[in-house]
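Printed here is coords_3.tsv (TSV, N, CA and C atoms):
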chain	number	residue	atom	x	y	z
A	132	MET	N	-88.59	-171.70	27.48
A	132	MET	CA	-89.25	-172.29	28.63
A	132	MET	C	-90.62	-171.64	28.78
A	133	SER	N	-91.60	-172.46	29.00
A	133	SER	CA	-92.92	-171.90	29.27
A	133	SER	C	-93.41	-172.42	30.62
A	134	LEU	N	-94.21	-171.61	31.23
A	134	LEU	CA	-94.73	-171.94	32.55
A	134	LEU	C	-96.08	-172.62	32.42
A	135	THR	N	-96.28	-173.63	33.23
A	135	THR	CA	-97.57	-174.28	33.26
A	135	THR	C	-98.53	-173.41	34.08
A	136	ALA	N	-99.80	-173.74	34.00
A	136	ALA	CA	-100.79	-173.03	34.81
A	136	ALA	C	-100.46	-173.18	36.30
A	137	GLN	N	-99.98	-174.36	36.67
A	137	GLN	CA	-99.61	-174.59	38.07
A	137	GLN	C	-98.41	-173.71	38.46
A	138	ASP	N	-97.41	-173.61	37.56
A	138	ASP	CA	-96.25	-172.75	37.82
A	138	ASP	C	-96.70	-171.31	38.03
A	139	LYS	N	-97.55	-170.84	37.16
A	139	LYS	CA	-98.04	-169.46	37.25
A	139	LYS	C	-98.79	-169.24	38.56
A	140	GLY	N	-99.59	-170.20	38.94
A	140	GLY	CA	-100.31	-170.10	40.20
A	140	GLY	C	-99.37	-170.05	41.39
A	141	THR	N	-98.31	-170.85	41.33
A	141	THR	CA	-97.31	-170.86	42.40
A	141	THR	C	-96.62	-169.51	42.51
A	142	VAL	N	-96.25	-168.94	41.37
A	142	VAL	CA	-95.60	-167.62	41.36
A	142	VAL	C	-96.53	-166.57	41.94
A	143	LYS	N	-97.76	-166.56	41.51
A	143	LYS	CA	-98.73	-165.57	42.00
A	143	LYS	C	-98.98	-165.73	43.50
A	144	ALA	N	-99.07	-166.97	43.96
A	144	ALA	CA	-99.31	-167.21	45.39
A	144	ALA	C	-98.11	-166.76	46.22
A	145	PHE	N	-96.91	-167.05	45.72
A	145	PHE	CA	-95.70	-166.63	46.44
A	145	PHE	C	-95.62	-165.10	46.47
A	146	TRP	N	-95.88	-164.46	45.35
A	146	TRP	CA	-95.82	-163.00	45.29
A	146	TRP	C	-96.81	-162.39	46.27
A	147	ALA	N	-98.00	-162.97	46.37
A	147	ALA	CA	-99.00	-162.44	47.30
A	147	ALA	C	-98.50	-162.49	48.75
A	148	LYS	N	-97.67	-163.48	49.05
A	148	LYS	CA	-97.12	-163.60	50.41
A	148	LYS	C	-96.01	-162.59	50.71
A	149	VAL	N	-95.27	-162.18	49.69
A	149	VAL	CA	-94.10	-161.31	49.92
A	149	VAL	C	-94.29	-159.87	49.47
A	150	VAL	N	-95.36	-159.56	48.78
A	150	VAL	CA	-95.53	-158.24	48.19
A	150	VAL	C	-95.42	-157.11	49.22
A	151	ASN	N	-95.87	-157.34	50.43
A	151	ASN	CA	-95.81	-156.28	51.45
A	151	ASN	C	-94.39	-156.00	51.92
A	152	LYS	N	-93.47	-156.89	51.64
A	152	LYS	CA	-92.06	-156.72	52.01
A	152	LYS	C	-91.18	-156.52	50.77
A	153	ALA	N	-91.80	-156.25	49.63
A	153	ALA	CA	-91.08	-156.19	48.36
A	153	ALA	C	-89.94	-155.17	48.38
A	154	GLU	N	-90.17	-153.98	48.93
A	154	GLU	CA	-89.11	-152.97	48.93
A	154	GLU	C	-87.92	-153.42	49.77
A	155	ASP	N	-88.16	-154.04	50.91
A	155	ASP	CA	-87.08	-154.54	51.75
A	155	ASP	C	-86.33	-155.66	51.05
A	156	ILE	N	-87.08	-156.55	50.41
A	156	ILE	CA	-86.46	-157.66	49.68
A	156	ILE	C	-85.60	-157.12	48.55
A	157	GLY	N	-86.09	-156.14	47.82
A	157	GLY	CA	-85.34	-155.56	46.71
A	157	GLY	C	-84.07	-154.89	47.17
A	158	ALA	N	-84.14	-154.13	48.25
A	158	ALA	CA	-82.95	-153.46	48.79
A	158	ALA	C	-81.93	-154.48	49.26
A	159	ASP	N	-82.40	-155.53	49.91
A	159	ASP	CA	-81.51	-156.58	50.40
A	159	ASP	C	-80.85	-157.31	49.23
A	160	ALA	N	-81.63	-157.68	48.23
A	160	ALA	CA	-81.08	-158.41	47.09
A	160	ALA	C	-80.06	-157.57	46.33
A	161	LEU	N	-80.37	-156.30	46.11
A	161	LEU	CA	-79.43	-155.43	45.40
A	161	LEU	C	-78.17	-155.21	46.22
A	162	SER	N	-78.32	-155.04	47.53
A	162	SER	CA	-77.15	-154.90	48.40
A	162	SER	C	-76.25	-156.12	48.30
A	163	ARG	N	-76.84	-157.29	48.35
A	163	ARG	CA	-76.06	-158.54	48.25
A	163	ARG	C	-75.36	-158.63	46.91
A	164	MET	N	-76.07	-158.29	45.83
A	164	MET	CA	-75.48	-158.39	44.50
A	164	MET	C	-74.25	-157.50	44.39
A	165	LEU	N	-74.35	-156.29	44.90
A	165	LEU	CA	-73.22	-155.35	44.80
A	165	LEU	C	-72.01	-155.82	45.61
A	166	VAL	N	-72.24	-156.56	46.69
A	166	VAL	CA	-71.15	-157.08	47.51
A	166	VAL	C	-70.57	-158.36	46.90
A	167	VAL	N	-71.44	-159.28	46.54
A	167	VAL	CA	-71.00	-160.58	46.06
A	167	VAL	C	-70.44	-160.50	44.64
A	168	TYR	N	-70.98	-159.62	43.82
A	168	TYR	CA	-70.54	-159.44	42.44
A	168	TYR	C	-70.15	-157.98	42.24
A	169	PRO	N	-69.00	-157.58	42.77
A	169	PRO	CA	-68.62	-156.16	42.73
A	169	PRO	C	-68.50	-155.59	41.31
A	170	GLN	N	-68.32	-156.44	40.31
A	170	GLN	CA	-68.24	-155.94	38.93
A	170	GLN	C	-69.54	-155.27	38.50
A	171	THR	N	-70.65	-155.59	39.17
A	171	THR	CA	-71.92	-154.96	38.80
A	171	THR	C	-71.99	-153.50	39.25
A	172	LYS	N	-71.08	-153.08	40.11
A	172	LYS	CA	-71.07	-151.68	40.56
A	172	LYS	C	-70.82	-150.71	39.40
A	173	THR	N	-70.20	-151.19	38.34
A	173	THR	CA	-69.91	-150.29	37.21
A	173	THR	C	-71.19	-149.70	36.61
A	174	TYR	N	-72.30	-150.40	36.73
A	174	TYR	CA	-73.56	-149.90	36.19
A	174	TYR	C	-74.18	-148.82	37.06
A	175	PHE	N	-73.66	-148.67	38.27
A	175	PHE	CA	-74.22	-147.72	39.21
A	175	PHE	C	-73.18	-146.70	39.66
A	176	ALA	N	-72.16	-146.50	38.86
A	176	ALA	CA	-71.05	-145.61	39.24
A	176	ALA	C	-71.51	-144.17	39.46
A	177	HIS	N	-72.65	-143.79	38.92
A	177	HIS	CA	-73.17	-142.43	39.08
A	177	HIS	C	-73.82	-142.22	40.45
A	178	TRP	N	-73.99	-143.28	41.24
A	178	TRP	CA	-74.54	-143.13	42.58
A	178	TRP	C	-73.45	-142.66	43.52
A	179	LYS	N	-73.81	-141.81	44.46
A	179	LYS	CA	-72.83	-141.31	45.43
A	179	LYS	C	-72.50	-142.36	46.49
A	180	ASP	N	-73.42	-143.27	46.76
A	180	ASP	CA	-73.22	-144.26	47.81
A	180	ASP	C	-73.69	-145.63	47.34
A	181	LEU	N	-72.75	-146.54	47.19
A	181	LEU	CA	-73.07	-147.90	46.75
A	181	LEU	C	-73.09	-148.88	47.92
A	182	ASN	N	-73.02	-148.39	49.13
A	182	ASN	CA	-73.01	-149.26	50.29
A	182	ASN	C	-74.35	-149.94	50.48
A	183	PRO	N	-74.33	-151.17	51.01
A	183	PRO	CA	-75.59	-151.87	51.28
A	183	PRO	C	-76.52	-151.02	52.15
A	184	GLY	N	-77.78	-150.95	51.74
A	184	GLY	CA	-78.77	-150.22	52.51
A	184	GLY	C	-78.77	-148.72	52.29
A	185	SER	N	-77.90	-148.20	51.43
A	185	SER	CA	-77.88	-146.76	51.17
A	185	SER	C	-79.16	-146.35	50.44
A	186	ALA	N	-79.44	-145.05	50.45
A	186	ALA	CA	-80.66	-144.55	49.80
A	186	ALA	C	-80.76	-144.95	48.33
A	187	PRO	N	-79.69	-144.80	47.52
A	187	PRO	CA	-79.83	-145.21	46.12
A	187	PRO	C	-80.07	-146.71	45.95
A	188	VAL	N	-79.44	-147.51	46.81
A	188	VAL	CA	-79.62	-148.96	46.73
A	188	VAL	C	-81.06	-149.32	47.10
A	189	LYS	N	-81.58	-148.70	48.14
A	189	LYS	CA	-82.97	-148.95	48.53
A	189	LYS	C	-83.94	-148.53	47.42
A	190	LYS	N	-83.68	-147.37	46.85
A	190	LYS	CA	-84.58	-146.86	45.80
A	190	LYS	C	-84.59	-147.78	44.59
A	191	HIS	N	-83.39	-148.21	44.16
A	191	HIS	CA	-83.35	-149.08	42.99
A	191	HIS	C	-83.88	-150.47	43.32
A	192	GLY	N	-83.66	-150.92	44.53
A	192	GLY	CA	-84.23	-152.20	44.95
A	192	GLY	C	-85.74	-152.18	44.83
A	193	ALA	N	-86.34	-151.07	45.23
A	193	ALA	CA	-87.80	-150.91	45.10
A	193	ALA	C	-88.21	-150.90	43.63
A	194	THR	N	-87.40	-150.26	42.81
A	194	THR	CA	-87.68	-150.22	41.37
A	194	THR	C	-87.61	-151.62	40.78
A	195	VAL	N	-86.60	-152.37	41.16
A	195	VAL	CA	-86.46	-153.75	40.68
A	195	VAL	C	-87.68	-154.58	41.07
A	196	MET	N	-88.11	-154.44	42.31
A	196	MET	CA	-89.26	-155.21	42.75
A	196	MET	C	-90.54	-154.75	42.07
A	197	GLY	N	-90.58	-153.49	41.66
A	197	GLY	CA	-91.70	-153.03	40.83
A	197	GLY	C	-91.71	-153.78	39.50
A	198	GLY	N	-90.52	-154.05	38.98
A	198	GLY	CA	-90.41	-154.85	37.76
A	198	GLY	C	-90.87	-156.28	37.98
A	199	VAL	N	-90.57	-156.82	39.15
A	199	VAL	CA	-91.05	-158.17	39.48
A	199	VAL	C	-92.58	-158.16	39.56
A	200	ALA	N	-93.14	-157.15	40.19
A	200	ALA	CA	-94.60	-157.04	40.27
A	200	ALA	C	-95.21	-156.97	38.88
A	201	ASP	N	-94.56	-156.21	38.00
A	201	ASP	CA	-95.02	-156.10	36.61
A	201	ASP	C	-94.95	-157.46	35.92
A	202	ALA	N	-93.86	-158.19	36.17
A	202	ALA	CA	-93.72	-159.51	35.57
A	202	ALA	C	-94.81	-160.46	36.05
A	203	VAL	N	-95.11	-160.41	37.32
A	203	VAL	CA	-96.18	-161.27	37.86
A	203	VAL	C	-97.51	-160.90	37.20
A	204	ALA	N	-97.75	-159.61	37.05
A	204	ALA	CA	-99.00	-159.16	36.42
A	204	ALA	C	-99.09	-159.59	34.95
A	205	LYS	N	-97.94	-159.71	34.30
A	205	LYS	CA	-97.91	-160.04	32.86
A	205	LYS	C	-97.41	-161.46	32.63
A	206	ILE	N	-97.61	-162.32	33.60
A	206	ILE	CA	-97.04	-163.66	33.57
A	206	ILE	C	-97.52	-164.49	32.38
A	207	ASP	N	-98.66	-164.16	31.83
A	207	ASP	CA	-99.17	-164.92	30.69
A	207	ASP	C	-98.45	-164.59	29.39
A	208	ASP	N	-97.74	-163.47	29.34
A	208	ASP	CA	-96.97	-163.09	28.15
A	208	ASP	C	-95.78	-162.26	28.57
A	209	LEU	N	-94.83	-162.89	29.23
A	209	LEU	CA	-93.66	-162.19	29.76
A	209	LEU	C	-92.81	-161.58	28.66
A	210	THR	N	-92.67	-162.26	27.55
A	210	THR	CA	-91.81	-161.76	26.47
A	210	THR	C	-92.28	-160.40	25.99
A	211	THR	N	-93.55	-160.28	25.68
A	211	THR	CA	-94.10	-159.01	25.23
A	211	THR	C	-94.23	-158.03	26.39
A	212	GLY	N	-94.68	-158.52	27.52
A	212	GLY	CA	-94.93	-157.67	28.68
A	212	GLY	C	-93.70	-156.97	29.20
A	213	LEU	N	-92.55	-157.60	29.09
A	213	LEU	CA	-91.32	-157.02	29.63
A	213	LEU	C	-90.35	-156.54	28.53
A	214	LEU	N	-90.83	-156.46	27.31
A	214	LEU	CA	-89.98	-156.05	26.20
A	214	LEU	C	-89.37	-154.67	26.42
A	215	ASN	N	-90.15	-153.69	26.85
A	215	ASN	CA	-89.61	-152.34	27.05
A	215	ASN	C	-88.53	-152.31	28.12
A	216	LEU	N	-88.74	-153.04	29.20
A	216	LEU	CA	-87.74	-153.10	30.27
A	216	LEU	C	-86.47	-153.78	29.78
A	217	SER	N	-86.63	-154.82	29.01
A	217	SER	CA	-85.49	-155.54	28.44
A	217	SER	C	-84.68	-154.64	27.51
A	218	GLU	N	-85.36	-153.95	26.63
A	218	GLU	CA	-84.69	-153.06	25.68
A	218	GLU	C	-84.01	-151.90	26.40
A	219	LEU	N	-84.64	-151.36	27.42
A	219	LEU	CA	-84.05	-150.28	28.20
A	219	LEU	C	-82.70	-150.72	28.77
A	220	HIS	N	-82.66	-151.88	29.39
A	220	HIS	CA	-81.42	-152.36	30.00
A	220	HIS	C	-80.38	-152.76	28.95
A	221	ALA	N	-80.81	-153.32	27.84
A	221	ALA	CA	-79.87	-153.76	26.82
A	221	ALA	C	-79.30	-152.59	26.02
A	222	PHE	N	-80.16	-151.68	25.58
A	222	PHE	CA	-79.71	-150.67	24.64
A	222	PHE	C	-79.41	-149.31	25.26
A	223	THR	N	-80.10	-148.93	26.31
A	223	THR	CA	-79.86	-147.64	26.95
A	223	THR	C	-78.79	-147.77	28.03
A	224	PHE	N	-78.97	-148.75	28.92
A	224	PHE	CA	-78.02	-148.91	30.03
A	224	PHE	C	-76.85	-149.81	29.66
A	225	ARG	N	-76.97	-150.54	28.56
A	225	ARG	CA	-75.91	-151.43	28.07
A	225	ARG	C	-75.47	-152.45	29.12
A	226	VAL	N	-76.45	-153.05	29.78
A	226	VAL	CA	-76.16	-154.06	30.78
A	226	VAL	C	-75.88	-155.38	30.06
A	227	ASP	N	-74.75	-155.97	30.38
A	227	ASP	CA	-74.40	-157.27	29.83
A	227	ASP	C	-75.43	-158.29	30.33
A	228	PRO	N	-76.10	-158.99	29.43
A	228	PRO	CA	-77.11	-159.96	29.86
A	228	PRO	C	-76.59	-160.99	30.86
A	229	ALA	N	-75.31	-161.28	30.84
A	229	ALA	CA	-74.74	-162.24	31.79
A	229	ALA	C	-74.92	-161.76	33.23
A	230	ASN	N	-75.02	-160.46	33.44
A	230	ASN	CA	-75.17	-159.94	34.80
A	230	ASN	C	-76.55	-160.20	35.40
A	231	PHE	N	-77.54	-160.48	34.58
A	231	PHE	CA	-78.86	-160.73	35.12
A	231	PHE	C	-78.92	-162.03	35.91
A	232	LYS	N	-78.05	-162.96	35.60
A	232	LYS	CA	-78.03	-164.19	36.41
A	232	LYS	C	-77.56	-163.88	37.82
A	233	HIS	N	-76.76	-162.83	37.99
A	233	HIS	CA	-76.29	-162.45	39.33
A	233	HIS	C	-77.45	-161.96	40.19
A	234	ALA	N	-78.33	-161.21	39.61
A	234	ALA	CA	-79.45	-160.66	40.38
A	234	ALA	C	-80.35	-161.78	40.90
A	235	GLY	N	-80.49	-162.83	40.13
A	235	GLY	CA	-81.33	-163.94	40.56
A	235	GLY	C	-80.60	-165.00	41.36
A	236	GLY	N	-79.29	-164.93	41.39
A	236	GLY	CA	-78.53	-165.99	42.04
A	236	GLY	C	-77.70	-165.52	43.21
A	237	VAL	N	-78.10	-164.44	43.84
A	237	VAL	CA	-77.35	-163.93	44.98
A	237	VAL	C	-77.53	-164.89	46.14
A	238	PRO	N	-76.42	-165.33	46.74
A	238	PRO	CA	-76.51	-166.30	47.84
A	238	PRO	C	-77.35	-165.79	49.00
A	239	ASN	N	-77.96	-166.73	49.70
A	239	ASN	CA	-78.77	-166.40	50.87
A	239	ASN	C	-77.86	-166.16	52.06
A	240	GLY	N	-78.44	-165.68	53.10
A	240	GLY	CA	-77.70	-165.42	54.32
A	240	GLY	C	-77.99	-164.02	54.79
A	241	PRO	N	-77.36	-163.60	55.87
A	241	PRO	CA	-77.63	-162.26	56.37
A	241	PRO	C	-77.22	-161.21	55.36
A	242	ALA	N	-77.94	-160.12	55.36
A	242	ALA	CA	-77.63	-159.01	54.46
A	242	ALA	C	-76.27	-158.44	54.79
A	243	PRO	N	-75.49	-158.09	53.77
A	243	PRO	CA	-74.20	-157.47	54.04
A	243	PRO	C	-74.38	-156.09	54.65
A	244	THR	N	-73.49	-155.71	55.50
A	244	THR	CA	-73.57	-154.39	56.12
A	244	THR	C	-72.26	-153.66	55.98
A	245	GLY	N	-72.31	-152.53	55.32
A	245	GLY	CA	-71.16	-151.65	55.24
A	245	GLY	C	-69.98	-152.11	54.42
A	246	ARG	N	-70.08	-153.25	53.76
A	246	ARG	CA	-68.97	-153.70	52.93
A	246	ARG	C	-69.17	-153.24	51.50
A	247	THR	N	-68.08	-152.84	50.85
A	247	THR	CA	-68.15	-152.50	49.44
A	247	THR	C	-67.01	-153.12	48.71
How does this structure look as structure tokens?
Amino acid sequence: MSLTAQDKGTVKAFWAKVVNKAEDIGADALSRMLVVYPQTKTYFAHWKDLNPGSAPVKKHGATVMGGVADAVAKIDDLTTGLLNLSELHAFTFRVDPANFKHAGGVPNGPAPTGRT
């Protein structure tokens, strides 16, 4: 799949609107993923607290959104631009590629609170 110039412009415009809330969005999305898809917790078993909104969840949510910012910056060549991140998750962290659809497909609604 390739993005048209219009698609790229839409992504950049949307990112410009949400970038100031990126850390909150990342923490919320990761919290939802861990609740809705509990099997993903296995990748974070080394964290002391996997509860929604916990410090490790917030920190990694911010990291994830940093990756999104990087993707937006490298939108003209995502394959090459995100190769290191892809290899890190595939070969170092051994994340099953099927789990990445969970991160992008977490249902909307209020953020989960205190459920694990």
*asked:* Calculated over only C-alpha atoms, which of the candidates A:Ile206, A:Ala136, A:Ala158, A:Val188 has the smallest distance to Lys172 of chain A?
replied: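 Smallest separation from Lys172 of chain A among the options: A:Val188.
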*Point out the residue among A:Ser217, A:Gln137, A:Asn182, A:Asn151 with the least atom-to-atom distance to Met196 of chain A, counting only C-alpha atoms.*
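Looking at the shortest contact to Met196 of chain A, the residue is A:Asn151.
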*asked:* Nearest residue to Gly184 of chain A out of A:Val150, A:Val142, A:Gly212, A:Ser162, using only N, CA and C atoms?
replied: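 Answer, going by the shortest atom-to-atom distance: A:Ser162.
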Output as CSV one row per residue of segment 147-220 of chain A within 8 Å of segment 225-229 of chain A: the closest atom pair and its distance in Å to one decimal place, counting all atoms listed in the file, sorted by chain and residue number ascending.
residue,atom,partner,partner_atom,distance
A:Tyr174,CA,A:Val226,CA,7.3
A:Glu218,C,A:Arg225,N,7.5
A:Leu219,C,A:Arg225,N,5.7
A:His220,C,A:Val226,N,4.0
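With all atoms listed in the file as the atoms that count, the minimum distance from Lys189 of chain A to the choices A:Gly157, A:Thr141, A:Lys152, A:Ala221 is reached by A:Gly157.
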*List the neighbours of Thr173 of chain A out to 12 Å using only C-alpha atoms; skip same-chain residues closer than 3 positions along the sequence, and give me the result as a ChimeraX atom specification.*
/A:165,168-170,176-178,181,224-227,230
For Gly192 of chain A, please output as a JSON list (two decimals) with N, CA and C atoms, in the coordinates of the input all residues within 8 Å (counting all atoms listed in the file; exclusion window: fewer than 2 positions along the same chain).
[["chain", "number", "residue", "atom", "x", "y", "z"],
["A", 153, "ALA", "N", -91.80, -156.25, 49.63],
["A", 153, "ALA", "CA", -91.08, -156.19, 48.36],
["A", 153, "ALA", "C", -89.94, -155.17, 48.38],
["A", 154, "GLU", "N", -90.17, -153.98, 48.93],
["A", 154, "GLU", "CA", -89.11, -152.97, 48.93],
["A", 154, "GLU", "C", -87.92, -153.42, 49.77],
["A", 155, "ASP", "N", -88.16, -154.04, 50.91],
["A", 155, "ASP", "CA", -87.08, -154.54, 51.75],
["A", 155, "ASP", "C", -86.33, -155.66, 51.05],
["A", 156, "ILE", "N", -87.08, -156.55, 50.41],
["A", 156, "ILE", "CA", -86.46, -157.66, 49.68],
["A", 156, "ILE", "C", -85.60, -157.12, 48.55],
["A", 157, "GLY", "N", -86.09, -156.14, 47.82],
["A", 157, "GLY", "CA", -85.34, -155.56, 46.71],
["A", 157, "GLY", "C", -84.07, -154.89, 47.17],
["A", 158, "ALA", "N", -84.14, -154.13, 48.25],
["A", 158, "ALA", "CA", -82.95, -153.46, 48.79],
["A", 158, "ALA", "C", -81.93, -154.48, 49.26],
["A", 159, "ASP", "N", -82.40, -155.53, 49.91],
["A", 159, "ASP", "CA", -81.51, -156.58, 50.40],
["A", 159, "ASP", "C", -80.85, -157.31, 49.23],
["A", 160, "ALA", "N", -81.63, -157.68, 48.23],
["A", 160, "ALA", "CA", -81.08, -158.41, 47.09],
["A", 160, "ALA", "C", -80.06, -157.57, 46.33],
["A", 161, "LEU", "N", -80.37, -156.30, 46.11],
["A", 161, "LEU", "CA", -79.43, -155.43, 45.40],
["A", 161, "LEU", "C", -78.17, -155.21, 46.22],
["A", 162, "SER", "N", -78.32, -155.04, 47.53],
["A", 162, "SER", "CA", -77.15, -154.90, 48.40],
["A", 162, "SER", "C", -76.25, -156.12, 48.30],
["A", 186, "ALA", "N", -79.44, -145.05, 50.45],
["A", 186, "ALA", "CA", -80.66, -144.55, 49.80],
["A", 186, "ALA", "C", -80.76, -144.95, 48.33],
["A", 187, "PRO", "N", -79.69, -144.80, 47.52],
["A", 187, "PRO", "CA", -79.83, -145.21, 46.12],
["A", 187, "PRO", "C", -80.07, -146.71, 45.95],
["A", 188, "VAL", "N", -79.44, -147.51, 46.81],
["A", 188, "VAL", "CA", -79.62, -148.96, 46.73],
["A", 188, "VAL", "C", -81.06, -149.32, 47.10],
["A", 189, "LYS", "N", -81.58, -148.70, 48.14],
["A", 189, "LYS", "CA", -82.97, -148.95, 48.53],
["A", 189, "LYS", "C", -83.94, -148.53, 47.42],
["A", 190, "LYS", "N", -83.68, -147.37, 46.85],
["A", 190, "LYS", "CA", -84.58, -146.86, 45.80],
["A", 190, "LYS", "C", -84.59, -147.78, 44.59],
["A", 194, "THR", "N", -87.40, -150.26, 42.81],
["A", 194, "THR", "CA", -87.68, -150.22, 41.37],
["A", 194, "THR", "C", -87.61, -151.62, 40.78],
["A", 195, "VAL", "N", -86.60, -152.37, 41.16],
["A", 195, "VAL", "CA", -86.46, -153.75, 40.68],
["A", 195, "VAL", "C", -87.68, -154.58, 41.07],
["A", 196, "MET", "N", -88.11, -154.44, 42.31],
["A", 196, "MET", "CA", -89.26, -155.21, 42.75],
["A", 196, "MET", "C", -90.54, -154.75, 42.07],
["A", 197, "GLY", "N", -90.58, -153.49, 41.66],
["A", 197, "GLY", "CA", -91.70, -153.03, 40.83],
["A", 197, "GLY", "C", -91.71, -153.78, 39.50],
["A", 198, "GLY", "N", -90.52, -154.05, 38.98],
["A", 198, "GLY", "CA", -90.41, -154.85, 37.76],
["A", 198, "GLY", "C", -90.87, -156.28, 37.98]]
What would segment 161-172 of chain A look like with N, CA, C and O atoms restored, written as a PDB file, in the coordinates of the input?
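Dumped everything to selection-v1.pdb:
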ATOM      1  N   LEU A 161     -80.370-156.300  46.110  1.00  0.00           N
ATOM      2  CA  LEU A 161     -79.430-155.430  45.400  1.00  0.00           C
ATOM      3  C   LEU A 161     -78.170-155.210  46.220  1.00  0.00           C
ATOM      4  O   LEU A 161     -77.055-155.236  45.685  1.00  0.00           O
ATOM      5  N   SER A 162     -78.320-155.040  47.530  1.00  0.00           N
ATOM      6  CA  SER A 162     -77.150-154.900  48.400  1.00  0.00           C
ATOM      7  C   SER A 162     -76.250-156.120  48.300  1.00  0.00           C
ATOM      8  O   SER A 162     -75.028-156.003  48.171  1.00  0.00           O
ATOM      9  N   ARG A 163     -76.840-157.290  48.350  1.00  0.00           N
ATOM     10  CA  ARG A 163     -76.060-158.540  48.250  1.00  0.00           C
ATOM     11  C   ARG A 163     -75.360-158.630  46.910  1.00  0.00           C
ATOM     12  O   ARG A 163     -74.195-159.034  46.834  1.00  0.00           O
ATOM     13  N   MET A 164     -76.070-158.290  45.830  1.00  0.00           N
ATOM     14  CA  MET A 164     -75.480-158.390  44.500  1.00  0.00           C
ATOM     15  C   MET A 164     -74.250-157.500  44.390  1.00  0.00           C
ATOM     16  O   MET A 164     -73.218-157.908  43.858  1.00  0.00           O
ATOM     17  N   LEU A 165     -74.350-156.290  44.900  1.00  0.00           N
ATOM     18  CA  LEU A 165     -73.220-155.350  44.800  1.00  0.00           C
ATOM     19  C   LEU A 165     -72.010-155.820  45.610  1.00  0.00           C
ATOM     20  O   LEU A 165     -70.874-155.509  45.252  1.00  0.00           O
ATOM     21  N   VAL A 166     -72.240-156.560  46.690  1.00  0.00           N
ATOM     22  CA  VAL A 166     -71.150-157.080  47.510  1.00  0.00           C
ATOM     23  C   VAL A 166     -70.570-158.360  46.900  1.00  0.00           C
ATOM     24  O   VAL A 166     -69.360-158.496  46.747  1.00  0.00           O
ATOM     25  N   VAL A 167     -71.440-159.280  46.540  1.00  0.00           N
ATOM     26  CA  VAL A 167     -71.000-160.580  46.060  1.00  0.00           C
ATOM     27  C   VAL A 167     -70.440-160.500  44.640  1.00  0.00           C
ATOM     28  O   VAL A 167     -69.499-161.213  44.301  1.00  0.00           O
ATOM     29  N   TYR A 168     -70.980-159.620  43.820  1.00  0.00           N
ATOM     30  CA  TYR A 168     -70.540-159.440  42.440  1.00  0.00           C
ATOM     31  C   TYR A 168     -70.150-157.980  42.240  1.00  0.00           C
ATOM     32  O   TYR A 168     -70.871-157.198  41.619  1.00  0.00           O
ATOM     33  N   PRO A 169     -69.000-157.580  42.770  1.00  0.00           N
ATOM     34  CA  PRO A 169     -68.620-156.160  42.730  1.00  0.00           C
ATOM     35  C   PRO A 169     -68.500-155.590  41.310  1.00  0.00           C
ATOM     36  O   PRO A 169     -68.599-154.379  41.136  1.00  0.00           O
ATOM     37  N   GLN A 170     -68.320-156.440  40.310  1.00  0.00           N
ATOM     38  CA  GLN A 170     -68.240-155.940  38.930  1.00  0.00           C
ATOM     39  C   GLN A 170     -69.540-155.270  38.500  1.00  0.00           C
ATOM     40  O   GLN A 170     -69.547-154.435  37.598  1.00  0.00           O
ATOM     41  N   THR A 171     -70.650-155.590  39.170  1.00  0.00           N
ATOM     42  CA  THR A 171     -71.920-154.960  38.800  1.00  0.00           C
ATOM     43  C   THR A 171     -71.990-153.500  39.250  1.00  0.00           C
ATOM     44  O   THR A 171     -72.864-152.759  38.788  1.00  0.00           O
ATOM     45  N   LYS A 172     -71.080-153.080  40.110  1.00  0.00           N
ATOM     46  CA  LYS A 172     -71.070-151.680  40.560  1.00  0.00           C
ATOM     47  C   LYS A 172     -70.820-150.710  39.400  1.00  0.00           C
ATOM     48  O   LYS A 172     -71.208-149.550  39.487  1.00  0.00           O
TER      49      LYS A 172
END
